[in-house]
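Okay, my_file-v8.txt is below, compact mmCIF, C-alpha atoms:
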# COMPACT_ATOMS: atom_id res chain seq x y z
CA MET V 13 -7.40 -0.27 17.68
CA THR V 14 -9.18 2.59 16.00
CA VAL V 15 -8.41 3.37 12.37
CA ARG V 16 -9.09 7.05 11.77
CA ALA V 17 -7.87 7.38 8.16
CA LEU V 18 -6.30 5.61 5.21
CA LEU V 19 -3.36 7.15 3.30
CA LEU V 20 -2.87 5.75 -0.22
CA SER V 21 -0.26 6.42 -2.87
CA HIS V 22 -0.01 5.39 -6.49
CA GLY V 23 2.16 3.14 -8.62
CA ALA V 24 5.12 4.38 -10.67
CA GLY V 25 3.13 4.98 -13.86
CA SER V 26 -0.08 6.40 -12.44
CA ASP V 27 -1.22 9.06 -10.00
CA ARG V 28 -3.58 9.68 -7.08
CA ASP V 29 -6.59 9.41 -9.41
CA HIS V 30 -5.97 5.76 -10.34
CA ALA V 31 -9.33 3.95 -10.65
CA THR V 32 -8.50 1.48 -7.85
CA LEU V 33 -7.68 4.25 -5.38
CA LEU V 34 -10.87 6.10 -6.30
CA ALA V 35 -12.93 2.92 -5.81
CA ILE V 36 -11.37 2.38 -2.38
CA GLU V 37 -12.17 5.94 -1.33
CA GLU V 38 -15.78 5.57 -2.47
CA ARG V 39 -16.23 2.18 -0.76
CA LEU V 40 -14.77 3.28 2.58
CA ALA V 41 -16.73 6.53 2.96
CA PRO V 42 -17.13 8.13 5.46
CA LEU V 43 -13.65 7.00 6.61
CA PRO V 44 -11.19 9.64 5.38
CA VAL V 45 -9.20 8.16 2.49
CA VAL V 46 -6.41 10.49 1.41
CA ARG V 47 -4.97 9.76 -2.04
CA VAL V 48 -1.62 11.48 -2.63
CA ASN V 49 0.84 12.04 -5.44
CA PHE V 50 4.58 11.68 -5.11
CA PRO V 51 6.53 14.86 -6.05
CA TYR V 52 7.55 13.71 -9.55
CA ARG V 53 3.89 13.31 -10.58
CA ASP V 54 3.18 16.98 -9.92
CA MET V 55 6.05 18.25 -12.08
CA PRO V 56 5.48 19.21 -15.73
CA GLY V 57 6.40 16.60 -18.31
CA ARG V 58 6.78 12.87 -17.95
CA ARG V 59 9.39 12.06 -15.32
CA PRO V 60 10.69 8.87 -13.75
CA PRO V 61 9.92 8.27 -10.07
CA ASP V 62 12.04 10.03 -7.50
CA ARG V 63 14.62 8.01 -5.56
CA MET V 64 13.31 6.04 -2.60
CA PRO V 65 14.49 8.50 0.14
CA VAL V 66 12.53 11.31 -1.56
CA LEU V 67 9.44 9.10 -1.94
CA ILE V 68 9.57 8.03 1.71
CA ALA V 69 10.06 11.61 2.94
CA SER V 70 7.13 12.74 0.80
CA LEU V 71 4.85 10.01 2.16
CA ARG V 72 5.92 10.80 5.73
CA SER V 73 5.04 14.46 5.12
CA HIS V 74 1.63 13.45 3.74
CA LEU V 75 1.08 11.30 6.84
CA ARG V 76 1.73 14.32 9.09
CA ASP V 77 -0.76 16.33 7.00
CA VAL V 78 -3.40 13.60 7.33
CA CYS V 79 -2.92 13.50 11.10
CA ASP V 80 -3.22 17.28 11.34
CA SER V 81 -6.33 17.29 9.17
CA VAL V 82 -8.13 14.40 10.87
CA GLY V 83 -6.86 15.15 14.39
CA CYS V 84 -5.21 11.81 15.03
CA GLU V 85 -1.85 10.16 15.58
CA PRO V 86 0.11 8.23 12.91
CA ASP V 87 -0.63 4.93 14.65
CA GLU V 88 -4.31 5.52 13.86
CA VAL V 89 -3.68 5.76 10.10
CA VAL V 90 -3.31 2.77 7.76
CA VAL V 91 -0.79 3.46 5.00
CA GLY V 92 -0.39 1.77 1.65
CA GLY V 93 -0.89 1.94 -2.04
CA ARG V 94 -0.64 0.34 -5.43
CA SER V 95 2.61 -1.26 -6.52
CA MET V 96 5.43 1.24 -5.88
CA GLY V 97 3.19 3.22 -3.50
CA GLY V 98 2.71 0.13 -1.36
CA ARG V 99 6.43 -0.53 -1.36
CA VAL V 100 7.22 3.05 -0.29
CA ALA V 101 4.71 2.75 2.56
CA SER V 102 6.30 -0.51 3.73
CA MET V 103 9.76 1.05 3.73
CA MET V 104 8.48 4.05 5.68
CA VAL V 105 6.99 1.74 8.32
CA ALA V 106 10.17 -0.38 8.38
CA GLU V 107 12.14 2.81 9.12
CA GLY V 108 10.07 3.26 12.27
CA THR V 109 7.21 5.55 11.25
CA PRO V 110 4.16 4.48 13.29
CA ALA V 111 1.05 3.29 11.43
CA ALA V 112 -2.09 1.31 12.26
CA GLY V 113 -1.38 -1.05 9.37
CA TRP V 114 -0.02 -1.45 5.86
CA ILE V 115 -1.86 -2.30 2.64
CA ALA V 116 -0.06 -3.34 -0.54
CA ILE V 117 -2.06 -3.73 -3.74
CA GLY V 118 0.16 -5.52 -6.27
CA TYR V 119 3.35 -5.35 -4.20
CA PRO V 120 6.32 -5.29 -6.64
CA LEU V 121 8.22 -8.11 -4.97
CA HIS V 122 10.74 -8.29 -7.82
CA PRO V 123 11.10 -6.93 -11.35
CA PRO V 124 9.20 -9.07 -13.91
CA GLY V 125 11.27 -12.07 -14.94
CA ARG V 126 13.86 -11.38 -12.22
CA PRO V 127 12.74 -13.39 -9.16
CA GLU V 128 16.32 -13.40 -7.87
CA ARG V 129 16.07 -9.61 -7.27
CA LEU V 130 13.71 -9.71 -4.32
CA ARG V 131 12.70 -6.47 -2.60
CA THR V 132 12.39 -7.99 0.86
CA GLU V 133 15.34 -6.73 2.91
CA HIS V 134 13.16 -4.34 4.92
CA LEU V 135 10.17 -6.63 5.43
CA PRO V 136 11.33 -8.17 8.75
CA LEU V 137 11.04 -4.65 10.20
CA VAL V 138 7.36 -4.33 9.20
CA GLY V 139 5.60 -5.10 12.46
CA VAL V 140 2.12 -3.73 11.77
CA PRO V 141 -0.94 -5.66 10.56
CA THR V 142 -0.60 -6.10 6.81
CA LEU V 143 -2.93 -6.77 3.89
CA LEU V 144 -1.37 -8.00 0.64
CA ILE V 145 -3.68 -8.07 -2.39
CA SER V 146 -2.34 -9.43 -5.65
CA GLY V 147 -3.30 -11.27 -8.78
CA ASP V 148 -2.40 -14.90 -9.21
CA ARG V 149 -0.75 -14.04 -12.56
CA ASP V 150 1.25 -11.00 -11.37
CA PRO V 151 4.72 -11.02 -13.00
CA PHE V 152 6.05 -8.94 -10.07
CA GLY V 153 5.46 -11.82 -7.62
CA THR V 154 3.59 -15.12 -7.59
CA PRO V 155 1.31 -16.03 -4.68
CA ASP V 156 3.96 -18.49 -3.44
CA GLU V 157 6.70 -15.86 -3.64
CA LEU V 158 4.50 -13.37 -1.75
CA ALA V 159 3.70 -15.97 0.91
CA ALA V 160 7.43 -16.52 1.45
CA ALA V 161 7.94 -12.75 1.74
CA ALA V 162 5.01 -12.45 4.15
CA ALA V 163 6.63 -15.06 6.39
CA LEU V 164 9.52 -12.61 6.90
CA MET V 165 7.29 -9.93 8.45
CA ALA V 166 6.95 -9.39 12.18
CA GLY V 167 3.28 -8.33 12.06
CA ALA V 168 0.17 -10.36 11.21
CA VAL V 169 -0.26 -10.71 7.45
CA THR V 170 -3.48 -11.31 5.52
CA MET V 171 -3.12 -12.29 1.88
CA ARG V 172 -5.85 -12.03 -0.75
CA THR V 173 -5.27 -13.37 -4.26
CA ILE V 174 -7.44 -12.26 -7.16
CA PRO V 175 -7.95 -15.22 -9.57
CA GLY V 176 -6.81 -14.39 -13.09
CA GLY V 177 -5.41 -11.06 -11.95
CA ARG V 178 -2.23 -9.60 -13.35
CA HIS V 179 -0.29 -6.73 -11.77
CA GLU V 180 -2.79 -4.03 -12.69
CA LEU V 181 -5.76 -6.08 -11.36
CA LYS V 182 -7.87 -4.71 -14.22
CA GLY V 183 -11.58 -4.96 -13.55
CA ALA V 184 -11.10 -5.88 -9.88
CA ASP V 185 -11.51 -2.45 -8.26
CA THR V 186 -14.71 -3.42 -6.43
CA VAL V 187 -13.19 -6.68 -5.17
CA VAL V 188 -10.07 -4.86 -3.97
CA ALA V 189 -12.12 -2.18 -2.21
CA ASP V 190 -14.34 -4.82 -0.56
CA GLU V 191 -11.29 -6.78 0.65
CA ILE V 192 -9.83 -3.63 2.19
CA ALA V 193 -13.13 -2.74 3.86
CA GLY V 194 -13.39 -6.21 5.40
CA TRP V 195 -9.78 -6.19 6.57
CA LEU V 196 -10.09 -2.73 8.12
CA GLY V 197 -13.17 -3.98 9.97
CA SER V 198 -11.12 -6.83 11.39
CA LEU V 199 -8.61 -4.36 12.87
CA ALA V 200 -11.20 -2.65 15.02
CA THR V 201 -11.22 -3.72 18.65
CA PRO V 202 -14.47 -3.75 20.61
Show how you would write the structure in this file as structure tokens.
Amino acid sequence: MTVRALLLSHGAGSDRDHATLLAIEERLAPLPVVRVNFPYRDMPGRRPPDRMPVLIASLRSHLRDVCDSVGCEPDEVVVGGRSMGGRVASMMVAEGTPAAGWIAIGYPLHPPGRPERLRTEHLPLVGVPTLLISGDRDPFGTPDELAAAAALMAGAVTMRTIPGGRHELKGADTVVADEIAGWLGSLATP
């Protein structure tokens, strides 16, 4: 498999210029890393995230733009993002949009303190290689909870846990970028 580009989106409270996404882009050069905003981030004033159908449609449109720009097919692009951005990418793939793989940095498995409200219904439909990166102190999902969610997925899943990391993985940008670089290298076929 050849990965021709990486499409990344942000979490609910940040934007395409989040430090982690910038570090990933820098680490993976010269691979095209396209960091995108969801529509609500580009509107004036502070707004809540759009509803999931709007977020998914926006990411799908960005994927088409990446393919046009790079000259590739969607199944040559890895999709993912931080927190909500990773979740949107997983739902897009679960709906049948082709991708070379899926990366979730701090996947929001459930709201903090609400482990009974799992966001896993779509995961059995994710059949692409997956990389889950999270902190071992993330209130949105413990390593054990994420492992149980990963077992639901149809594709191969690689999990990386950052010791001492919370949801934001503060100070771990280099580690996250290195993990992604290594995982992308493992996807390449000779």
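Nearest residue to V:Phe50 among V:Val15, V:Val188, V:Met96, V:Val90 is V:Met96, counting only C-alpha atoms.
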List the spatial neighbours of V:Asp27 as an MDAnalysis selection string - criterion: any atom at most 8 Å away, all atoms listed in the file, same-chain residues fewer than 5 positions off excluded.
chainID V and resid 21:22 48:49 53
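Close contacts of V:Ala163, defined as residues with an atom at most 12 Å away when counting only C-alpha atoms, with chain neighbours fewer than 3 positions off set aside, comprise Thr132, Leu135, Pro136, Leu137, Val138, Gly139, Thr142, Asp156, Glu157, Leu158, Ala159, Ala160, Ala166, Gly167, Ala168, Val169, Thr170 and Met171 of chain V.
Residue nearest V:Pro120 within the list V:Arg59, V:His74, V:Arg94, V:His134: V:Arg94 [criterion: smallest interatomic distance, all atoms listed in the file].
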Could you list, as a ChimeraX atom specification, every residue within 10 Å of V:Trp195, counting only C-alpha atoms and ignoring same-chain residues fewer than 3 positions away?
/V:115,141-143,170,189-192,198-200
Would you give me, as a tab-separated table, each residue of stretch 119-142 of chain V having an atom within 12 Å of an atom of stretch 176-183 of chain V, along with its shortest atom pair and that distance in Å to one decimal, using all atoms listed in the file and sorting by chain and residue number?
residue	atom	partner	partner_atom	distance
V:Tyr119	CA	V:His179	CA	8.5
V:Pro120	CA	V:His179	CA	8.5
V:Leu121	CA	V:His179	CA	11.0
V:His122	CA	V:His179	CA	11.8
V:Pro123	CA	V:His179	CA	11.4
V:Pro124	CA	V:His179	CA	10.0
Find the distance between atom CA of V:Thr173 and atom CA of V:Gly23 and write it in Å to one decimal.
18.6 Å
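Residue nearest V:Ile36, chosen from V:Gly147, V:Gly194, V:Pro110, V:Pro65 and counting all atoms listed in the file: V:Gly194.
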Could you check the closest approach to V:Trp114 for each of V:Val187, V:Leu18, V:Ala41, V:Met64 and tell me which residue wins, using only C-alpha atoms?
V:Leu18
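Using all atoms listed in the file for every distance, the candidate list V:Val46, V:Leu75, V:Ile117, V:Ala106 yields V:Ile117 as the residue closest to V:Ala184.
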V:Arg76 environment, 12 Å, only C-alpha atoms, sequence neighbours closer than 3 positions dropped, as a ChimeraX atom specification
/V:17,19,46,69-73,79-89,91,109-111
Find the distance between atom CA of V:Val100 and atom CA of V:Ala193 and write it in Å to one decimal.
21.6 Å
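Going from atom CA of V:Arg47 to atom CA of V:Arg28 covers 5.2 Å.
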N, CA and C atoms of stretch 146-173 of chain V, written as a short mmCIF file (atom, residue, chain, number, x, y, z; two decimals), in the first residue's frame:
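Once written, part-v3.cif looks like this:
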data_model
loop_
_atom_site.label_atom_id
_atom_site.label_comp_id
_atom_site.auth_asym_id
_atom_site.auth_seq_id
_atom_site.Cartn_x
_atom_site.Cartn_y
_atom_site.Cartn_z
N SER V 146 -3.33 7.54 22.77
CA SER V 146 -4.02 8.20 23.88
C SER V 146 -3.14 8.21 25.12
N GLY V 147 -3.53 9.04 26.05
CA GLY V 147 -2.84 9.08 27.33
C GLY V 147 -3.42 8.07 28.29
N ASP V 148 -2.62 7.59 29.20
CA ASP V 148 -3.12 6.59 30.15
C ASP V 148 -3.99 7.22 31.24
N ARG V 149 -4.12 8.54 31.25
CA ARG V 149 -4.98 9.22 32.22
C ARG V 149 -6.06 10.04 31.51
N ASP V 150 -6.45 9.63 30.31
CA ASP V 150 -7.44 10.35 29.51
C ASP V 150 -8.84 10.09 30.07
N PRO V 151 -9.55 11.13 30.53
CA PRO V 151 -10.90 10.92 31.07
C PRO V 151 -11.94 10.56 30.01
N PHE V 152 -11.57 10.66 28.73
CA PHE V 152 -12.49 10.30 27.64
C PHE V 152 -12.39 8.81 27.29
N GLY V 153 -11.48 8.08 27.94
CA GLY V 153 -11.34 6.64 27.67
C GLY V 153 -10.03 6.11 28.23
N THR V 154 -10.13 5.11 29.10
CA THR V 154 -8.94 4.48 29.66
C THR V 154 -8.32 3.55 28.61
N PRO V 155 -7.06 3.18 28.81
CA PRO V 155 -6.46 2.21 27.89
C PRO V 155 -7.27 0.91 27.78
N ASP V 156 -7.80 0.42 28.89
CA ASP V 156 -8.61 -0.81 28.84
C ASP V 156 -9.91 -0.60 28.06
N GLU V 157 -10.54 0.56 28.26
CA GLU V 157 -11.77 0.85 27.51
C GLU V 157 -11.47 0.96 26.01
N LEU V 158 -10.36 1.61 25.66
CA LEU V 158 -9.99 1.72 24.25
C LEU V 158 -9.65 0.37 23.64
N ALA V 159 -9.00 -0.50 24.42
CA ALA V 159 -8.68 -1.84 23.92
C ALA V 159 -9.96 -2.61 23.62
N ALA V 160 -10.96 -2.47 24.48
CA ALA V 160 -12.25 -3.14 24.24
C ALA V 160 -12.91 -2.58 22.99
N ALA V 161 -12.82 -1.26 22.78
CA ALA V 161 -13.39 -0.65 21.57
C ALA V 161 -12.62 -1.11 20.33
N ALA V 162 -11.31 -1.20 20.44
CA ALA V 162 -10.48 -1.63 19.31
C ALA V 162 -10.83 -3.05 18.88
N ALA V 163 -11.22 -3.88 19.84
CA ALA V 163 -11.58 -5.26 19.52
C ALA V 163 -12.84 -5.33 18.66
N LEU V 164 -13.61 -4.27 18.62
CA LEU V 164 -14.83 -4.24 17.80
C LEU V 164 -14.53 -4.00 16.32
N MET V 165 -13.36 -3.44 16.02
CA MET V 165 -13.05 -3.00 14.66
C MET V 165 -12.65 -4.15 13.76
N ALA V 166 -13.00 -4.01 12.48
CA ALA V 166 -12.71 -5.05 11.50
C ALA V 166 -11.27 -4.99 11.00
N GLY V 167 -10.65 -3.83 11.02
CA GLY V 167 -9.28 -3.67 10.54
C GLY V 167 -8.26 -3.88 11.65
N ALA V 168 -6.99 -3.98 11.25
CA ALA V 168 -5.90 -4.13 12.21
C ALA V 168 -5.75 -2.83 13.01
N VAL V 169 -5.60 -2.96 14.32
CA VAL V 169 -5.50 -1.80 15.20
C VAL V 169 -4.18 -1.83 15.95
N THR V 170 -3.49 -0.69 15.92
CA THR V 170 -2.28 -0.48 16.71
C THR V 170 -2.62 0.56 17.77
N MET V 171 -2.32 0.24 19.03
CA MET V 171 -2.57 1.18 20.11
C MET V 171 -1.25 1.64 20.71
N ARG V 172 -1.15 2.94 20.95
CA ARG V 172 0.00 3.52 21.63
C ARG V 172 -0.51 4.36 22.78
N THR V 173 0.00 4.10 23.97
CA THR V 173 -0.42 4.82 25.18
C THR V 173 0.73 5.67 25.67
#
